[in-house]
Each structure stands twice: as C-alpha cells, then as structure tokens.
Amino acid sequence: MKKQLVLLCLLYLQCCFSFAADHPTLSIGAKAPDFKLQGIDGKIYTLESFKDARILVIAFICNHCPTSQAYEQRLIKLTSDYADKGVRVVAINPNNPASLRYDELGWSDVGDSFDDMKLRAKDKHFNFPYLYDGAKQITANEYGPASTPHVFIFDENRILRYEGRIDDTENPEKTPHSQDAKNAIEALLNHTAAPVTVTKVFGCSIKWLDKNDWINKAEAKWAEDPVTLDTIDLSGITNLLKNNSDKLRLINIWSVNDNISRSQFSDLVTLSRIYVQRDFELLNINVDDQKKKDSVLAFLMKKECSGSNYILTSTGKNKLTEAVDPGWNGKLPYTLLIEPAGKIVYATQHRIDREQMRKMIFNDEYIGRLYK
C-alpha cells in the first residue's frame with residue numbers, strides 16, 4: 001500500500017495541474033448555470049429536472065480517478081441520508097476520454113466514456129443521476145471544477161453557497177476531521193450560512209479537450225524509449241515463469257511470422273502502458289530463428305515495445321512447450337498471466353481480448369483499486 005501511495009502521488013504531480021486561468025471556478029453567490037446533459041439512464045437532465053430540491057448538490061466525478069473512486073460510497077450515503085430532507089445529488093463526468101493518457105487508466109478497470117459510466121454506476125450501485133459532459137464540456141466550462149471530485153452546493157434559489165471538497169480525508173477507511181459538504185448542507189437546511197464556503201480540492205485534473213496536447217507529448221516520449229532484444233534460453237524462460245519478482249507478469253510467446261502474434265501486439269503494448277505505474281510487467285519471448293533477429297527487432301521498434309523483449313536461442317519447440325506448459329500444443333501466440341511466486345492465473349493460445357485481459361489484470365490482488 002505504501003508503494004501504491006507513492007505512485008499515486010507521482011500520478012497527481014503529472015495530472016492534477018488544473019487549468020484554472022482557462023476554466024475559472026464558479027464564484028460563491030453566483031447563479032447555477034443551466035445545463036442539458038444525458039444521463040446513463042438515457043434521460044436528458046437540466047436544472048429544471050431538480051426544481052423541487054431544497055438543496056442541489058452537483059458533484060463532478062469520473063471513473064478513472066482513484067480519489068473520485070474513494071468518494072463514491074460517501075456520495076451514495078449523502079444521497080440516501082438527505083433524500084427525505086429535499087436534498088438532491090447529481091453527478092457529472094466532465095472528462096473527455098480521448099484526453100486521458102494510457103498510464104492514467106491504470107487505477108481503474110474502466111475509462112471515462114459514456115459506456116464506461118454505465119458500467120461503473122452499475123458496479124457501485126449509484127443512487128443519483130450520472131450525467132455525461134465529456135463530449136463538449138460546456139457545463140464543466142461554466143462551473144469550472146478544478147479536479148474530480150469537486151462539489152458545488154446550491155440553495156433553493158440555486159445560488160452557490162459552497163464549493164470544494166466533500167471532506168478532508170481521501171482514504172475511506174479513515175474518519176474525516178471536517179465534513180465540509182455535509183456541514184454546508186446542514187447549515188442551508190437550517191437557513192444559515194455555510195460555516196465554510198470554499199475549500200481546496202484534491203484529486204485528478206479535468207481532462208479538457210483544449211489541453212489534450214499532453215497525449216501527443218506522452219506518445220512522443222514513449223516513442224523515444226529504447227527498444228532492445230536480448231537472447232534467452234530454456235533455463236532463462238523457466239526462471240521467468242517462476243516470477244521471483246513482486247510484479248504481476250504477462251508473458252507473450254510469439255512469432256513474427258504468425259498473424260495473430262502480430263495483430264495482438266499493439267494491445268499488449270497498450271496494456272503495458274496502462275499499468276506502467278503499477279506492479280505489472282510485460283515480457284515478450286520470440287521463438288523465431290536467430291537469423292530473423294533483425295526483423296524481429298525491427299517489428300518491436302515499429303510497435304514501440306520498450307519493455308523486456310527476448311528471442312529464444314534454440315528453436316526446440318518440444319522442449320519449449322514442456323518447459324512452459326506440458327498442456328500447450330505449441331500453437332502461437334501463447335500468453336500467460338503469472339503472479340509473484342509463479343502462480344499461473346491465466347493461459348491461452350488464442351488471441352487475447354484486450355478489455356477482458358485488462359479487467360483480469362486489474363482485478364488481480366497485486367493490482368486493484370487504491371481504495372476498495
């Protein structure tokens with residue numbers, strides 16, 4: 001957990017710089033801007049949809065951010081606790097999914113698309129409307145959330161009375177010292193001013209359409225990473241299978257002459273980039289003749305596969321299959337997912353399904369969410 005927290009801090013340093021000058025946050029005392037957004041239930045929502053609410057809480061959240069995930073259950077509880085007091089909660093996903101780098105997705109099993117929102121809401125049993133603003137981000141521009149999560153609380157006249165964090169404790173296993181959003185709601189219900197009107201927020205930056213140049217920068221950086229191809233013998237492969245590391249290991253045994261091997265390679269590289277900040281590694285073992293080493297390396301360079309790449313020093317296929325898995329008939333590619341200490345949790349000689357593999361990796365105990 002300590003290592004994951006360090007990695008998360010690095011992730012925040014990379015992605016939590018909000019563009020406040022370009023997207024200013026709505027000021028206290030301002031009228032709630034209207035919106036027209038589709039919910040995951042297929043309905044179109046506007047401010048009028050919540051006209052009967054005494055208090056309206058608009059929470060900007062998303063799927064991929066571990067901080068936003070950490071507050072999901074608290075939003076669910078807030079909704080149920082105040083439902084009979086005239087408080088309505090609505091969540092809006094402001095992120096454009098195309099503005100997410102692969103390595104920012106390593107903390108979730110889904111992205112920030114509209115379809116992903118449906119999956120996330122179903123998985124966590126959201127009891128509030130979940131609306132999508134990622135395509136045009138008109139609503140996000142008018143409200144100006146600095147990160148996910150960021151809540152805006154309006155009184156019965158839809159005047160903004162509080163904006164900021166939900167509470168001051170990210171870890172849901174710890175008790176917050178200051179329940180700022182709840183305190184504001186209680187005050188407004190009693191017709192008094194919120195004790196604190198603005199608090200700083202923490203979480204992941206909004207993935208703005210006009211700032212997606214960082215995707216190109218990330219891809220350019222990955223393209224610069226050196227691609228190497230080392231030799232390996234059967235004893236070396238046996239050691240890799242033992243997985244004496246602390247990482248979940250995906251091993252891809254492949255041939256440059258095999259159509260499926262070539263066609264799934266981009267998916268494998270994508271998975272390695274998604275989980276680059278996690279305890280995960282991709283190892284590629286090529287079984288072609290040593291005479292093809294140059295063409296194998298050229299293919300790896302074209303795919304920008306900068307991880308651990310090997311080519312077998314011997315083409316003894318029977319010995320190879322016995323060393324890897326006696327049940328393997330030698331058909332390529334052969335893909336294995338191996339936990340530390342050598343436990344094989346998945347093996348297939350068919351083309352992998354990238355999203356299925358992604359979920360399998362993410363749901364393994366060595367990866368998973370930062371906060372359960």
# chains A, B, ... in the order shown; residues from 1 in each chain; ligands from 1
$ residues_around --residues "Gly203 of chain A" --least-positions-apart "6" --cutoff "6 Å" --atoms "only C-alpha atoms" --output "list in words"
Thr67, Ser147 and Thr148 of chain A
$ select_by_dssp --residues "segment 88-210 of chain A" --states "strand (DSSP E)" --output "list in words"
Arg88, Val89, Val90, Ala91, Ile92, Asn93, Tyr130, Leu131, Tyr132, Ser147, Thr148, His150, Val151, Phe152, Ile153, Phe154, Leu160, Arg161, Tyr162, Glu163, Gly164, Cys204 and Ser205 of chain A
$ residues_around --residues "segment 280-294 of chain A" --least-positions-apart "4" --cutoff "7 Å" --atoms "only C-alpha atoms" --output "list in words"
Lys247, Leu248, Arg249, Leu250, Ile251, Asn252, Ile253, Trp254, Ser255, Ser272, Tyr275, Val276, Ala298, Gly307, Ser308, Asn309, Tyr310, Ile311, Leu312, Thr313 and Thr315 of chain A
$ closest_atom_pairs --of "segment 146-166 of chain A" --to "segment 51-62 of chain A" --cutoff "9 Å" --atoms "only C-alpha atoms" --output "Markdown table"
| residue | atom | partner | partner_atom | distance |
| --- | --- | --- | --- | --- |
| A:Ser147 | CA | A:Phe60 | CA | 7.9 |
| A:Thr148 | CA | A:Ile61 | CA | 4.8 |
| A:Pro149 | CA | A:Ile61 | CA | 4.7 |
| A:His150 | CA | A:Phe60 | CA | 5.2 |
| A:Val151 | CA | A:Ala59 | CA | 4.3 |
| A:Phe152 | CA | A:Ile58 | CA | 5.1 |
| A:Ile153 | CA | A:Val57 | CA | 4.6 |
| A:Phe154 | CA | A:Leu56 | CA | 5.2 |
| A:Asp155 | CA | A:Ile55 | CA | 4.9 |
| A:Glu156 | CA | A:Arg54 | CA | 4.7 |
| A:Asn157 | CA | A:Arg54 | CA | 8.4 |
| A:Arg158 | CA | A:Leu56 | CA | 7.4 |
$ write_last_selection --atoms "C-alpha atoms" --output "mmCIF file, in the first residue's frame"
data_model
loop_
_atom_site.group_PDB
_atom_site.id
_atom_site.type_symbol
_atom_site.label_atom_id
_atom_site.label_comp_id
_atom_site.auth_asym_id
_atom_site.auth_seq_id
_atom_site.Cartn_x
_atom_site.Cartn_y
_atom_site.Cartn_z
ATOM 1 C CA SER A 147 -10.458 18.264 -10.165
ATOM 2 C CA THR A 148 -12.521 15.142 -9.637
ATOM 3 C CA PRO A 149 -14.205 15.116 -7.207
ATOM 4 C CA HIS A 150 -15.377 18.734 -6.816
ATOM 5 C CA VAL A 151 -18.790 19.567 -5.371
ATOM 6 C CA PHE A 152 -20.990 22.650 -5.792
ATOM 7 C CA ILE A 153 -23.882 23.165 -3.356
ATOM 8 C CA PHE A 154 -26.773 25.480 -4.226
ATOM 9 C CA ASP A 155 -29.623 26.752 -2.074
ATOM 10 C CA GLU A 156 -33.305 26.686 -3.038
ATOM 11 C CA ASN A 157 -32.810 29.743 -5.257
ATOM 12 C CA ARG A 158 -29.911 27.958 -6.954
#
$ closest_residue --among "A:Pro195, A:Val201, A:Ile40, A:Phe299" --to "Asp133 of chain A" --atoms "only C-alpha atoms"
A:Ile40
$ closest_residue --among "A:Thr169, A:Asn216, A:Thr335, A:Asn183" --to "Leu100 of chain A" --atoms "only C-alpha atoms"
A:Asn216
$ atom_distance --atom1 "atom CA of Lys207 of chain A" --atom2 "atom CA of Asn95 of chain A"
4.8 Å
$ residues_around --residues "Lys372 of chain A" --least-positions-apart "3" --cutoff "10 Å" --atoms "only C-alpha atoms" --output "JSON, numbers by chain"
{"A": [66, 69, 70, 171, 172, 173, 368, 369]}
$ write_last_selection --atoms "N, CA and C atoms" --output "compact mmCIF listing (two decimals), in the first residue's frame"
# COMPACT_ATOMS: atom_id res chain seq x y z
N PRO A 66 -8.58 7.55 -8.86
CA PRO A 66 -8.69 6.84 -7.58
C PRO A 66 -9.28 7.67 -6.46
N GLN A 69 -13.00 7.70 -7.03
CA GLN A 69 -13.49 6.39 -6.60
C GLN A 69 -13.61 6.32 -5.08
N ALA A 70 -12.66 6.93 -4.39
CA ALA A 70 -12.65 6.88 -2.93
C ALA A 70 -13.86 7.56 -2.32
N ASN A 171 -8.83 8.71 2.19
CA ASN A 171 -8.96 7.29 2.49
C ASN A 171 -10.30 7.01 3.17
N PRO A 172 -11.17 6.23 2.54
CA PRO A 172 -12.49 5.97 3.13
C PRO A 172 -12.46 5.15 4.41
N GLU A 173 -11.30 4.56 4.72
CA GLU A 173 -11.19 3.78 5.95
C GLU A 173 -10.90 4.66 7.16
N GLY A 368 -5.43 -3.93 -8.66
CA GLY A 368 -6.66 -3.48 -7.99
C GLY A 368 -6.71 -1.98 -7.72
N ARG A 369 -7.83 -1.57 -7.16
CA ARG A 369 -8.04 -0.17 -6.81
C ARG A 369 -7.17 0.23 -5.65
$ atom_distance --atom1 "atom CA of Lys77 of chain A" --atom2 "atom CA of Cys65 of chain A"
19.5 Å
$ residues_around --residues "segment 129-132 of chain A" --least-positions-apart "5" --cutoff "9 Å" --atoms "only C-alpha atoms" --output "VMD selection string"
chain A and resid 37 to 41 44 to 45 89 to 95 113 to 114 117 to 118 121 137
$ decode --residues "segment 126-150 of chain A" --atoms "N, CA and C atoms" --output "mmCIF file, in the first residue's frame"
data_model
loop_
_atom_site.group_PDB
_atom_site.id
_atom_site.type_symbol
_atom_site.label_atom_id
_atom_site.label_comp_id
_atom_site.auth_asym_id
_atom_site.auth_seq_id
_atom_site.Cartn_x
_atom_site.Cartn_y
_atom_site.Cartn_z
ATOM 1 N N PHE A 126 -24.865 3.280 -7.996
ATOM 2 C CA PHE A 126 -25.124 4.710 -7.810
ATOM 3 C C PHE A 126 -26.622 4.953 -7.620
ATOM 4 N N ASN A 127 -26.970 5.780 -6.651
ATOM 5 C CA ASN A 127 -28.372 6.116 -6.392
ATOM 6 C C ASN A 127 -28.684 7.562 -6.767
ATOM 7 N N PHE A 128 -27.852 8.140 -7.595
ATOM 8 C CA PHE A 128 -28.028 9.511 -8.064
ATOM 9 C C PHE A 128 -27.837 9.540 -9.580
ATOM 10 N N PRO A 129 -28.400 10.520 -10.262
ATOM 11 C CA PRO A 129 -28.202 10.631 -11.707
ATOM 12 C C PRO A 129 -26.721 10.861 -12.025
ATOM 13 N N TYR A 130 -26.254 10.227 -13.077
ATOM 14 C CA TYR A 130 -24.859 10.354 -13.501
ATOM 15 C C TYR A 130 -24.876 10.840 -14.942
ATOM 16 N N LEU A 131 -24.406 12.062 -15.162
ATOM 17 C CA LEU A 131 -24.540 12.735 -16.448
ATOM 18 C C LEU A 131 -23.185 12.872 -17.153
ATOM 19 N N TYR A 132 -23.231 12.901 -18.473
ATOM 20 C CA TYR A 132 -22.003 12.970 -19.276
ATOM 21 C C TYR A 132 -21.842 14.331 -19.926
ATOM 22 N N ASP A 133 -20.681 14.957 -19.661
ATOM 23 C CA ASP A 133 -20.373 16.264 -20.235
ATOM 24 C C ASP A 133 -19.063 16.239 -21.023
ATOM 25 N N GLY A 134 -18.501 15.040 -21.210
ATOM 26 C CA GLY A 134 -17.165 14.931 -21.785
ATOM 27 C C GLY A 134 -17.054 15.281 -23.253
ATOM 28 N N ALA A 135 -18.145 15.178 -24.000
ATOM 29 C CA ALA A 135 -18.066 15.416 -25.443
ATOM 30 C C ALA A 135 -17.789 16.870 -25.779
ATOM 31 N N LYS A 136 -18.532 17.793 -25.133
ATOM 32 C CA LYS A 136 -18.374 19.221 -25.431
ATOM 33 C C LYS A 136 -17.869 20.027 -24.222
ATOM 34 N N GLN A 137 -18.084 19.522 -23.026
ATOM 35 C CA GLN A 137 -17.602 20.131 -21.784
ATOM 36 C C GLN A 137 -18.149 21.550 -21.555
ATOM 37 N N ILE A 138 -19.323 21.809 -22.075
ATOM 38 C CA ILE A 138 -19.936 23.133 -21.904
ATOM 39 C C ILE A 138 -20.237 23.385 -20.425
ATOM 40 N N THR A 139 -20.825 22.401 -19.769
ATOM 41 C CA THR A 139 -21.183 22.558 -18.356
ATOM 42 C C THR A 139 -19.946 22.686 -17.483
ATOM 43 N N ALA A 140 -18.951 21.872 -17.737
ATOM 44 C CA ALA A 140 -17.713 21.937 -16.958
ATOM 45 C C ALA A 140 -17.044 23.302 -17.114
ATOM 46 N N ASN A 141 -17.090 23.852 -18.305
ATOM 47 C CA ASN A 141 -16.509 25.178 -18.534
ATOM 48 C C ASN A 141 -17.230 26.247 -17.726
ATOM 49 N N GLU A 142 -18.538 26.101 -17.576
ATOM 50 C CA GLU A 142 -19.312 27.114 -16.855
ATOM 51 C C GLU A 142 -19.171 26.977 -15.335
ATOM 52 N N TYR A 143 -19.004 25.754 -14.855
ATOM 53 C CA TYR A 143 -18.861 25.542 -13.410
ATOM 54 C C TYR A 143 -17.399 25.610 -12.972
ATOM 55 N N GLY A 144 -16.509 25.166 -13.827
ATOM 56 C CA GLY A 144 -15.081 25.261 -13.534
ATOM 57 C C GLY A 144 -14.560 24.359 -12.436
ATOM 58 N N PRO A 145 -14.925 23.069 -12.424
ATOM 59 C CA PRO A 145 -14.323 22.175 -11.428
ATOM 60 C C PRO A 145 -12.813 22.093 -11.640
ATOM 61 N N ALA A 146 -12.073 22.065 -10.547
ATOM 62 C CA ALA A 146 -10.610 22.005 -10.633
ATOM 63 C C ALA A 146 -10.096 20.582 -10.686
ATOM 64 N N SER A 147 -10.880 19.663 -10.171
ATOM 65 C CA SER A 147 -10.458 18.264 -10.165
ATOM 66 C C SER A 147 -11.688 17.388 -9.960
ATOM 67 N N THR A 148 -11.475 16.092 -10.028
ATOM 68 C CA THR A 148 -12.521 15.142 -9.637
ATOM 69 C C THR A 148 -12.047 14.433 -8.371
ATOM 70 N N PRO A 149 -12.874 14.492 -7.287
ATOM 71 C CA PRO A 149 -14.205 15.116 -7.207
ATOM 72 C C PRO A 149 -14.136 16.598 -6.836
ATOM 73 N N HIS A 150 -15.207 17.323 -7.184
ATOM 74 C CA HIS A 150 -15.377 18.734 -6.816
ATOM 75 C C HIS A 150 -16.878 18.968 -6.729
#
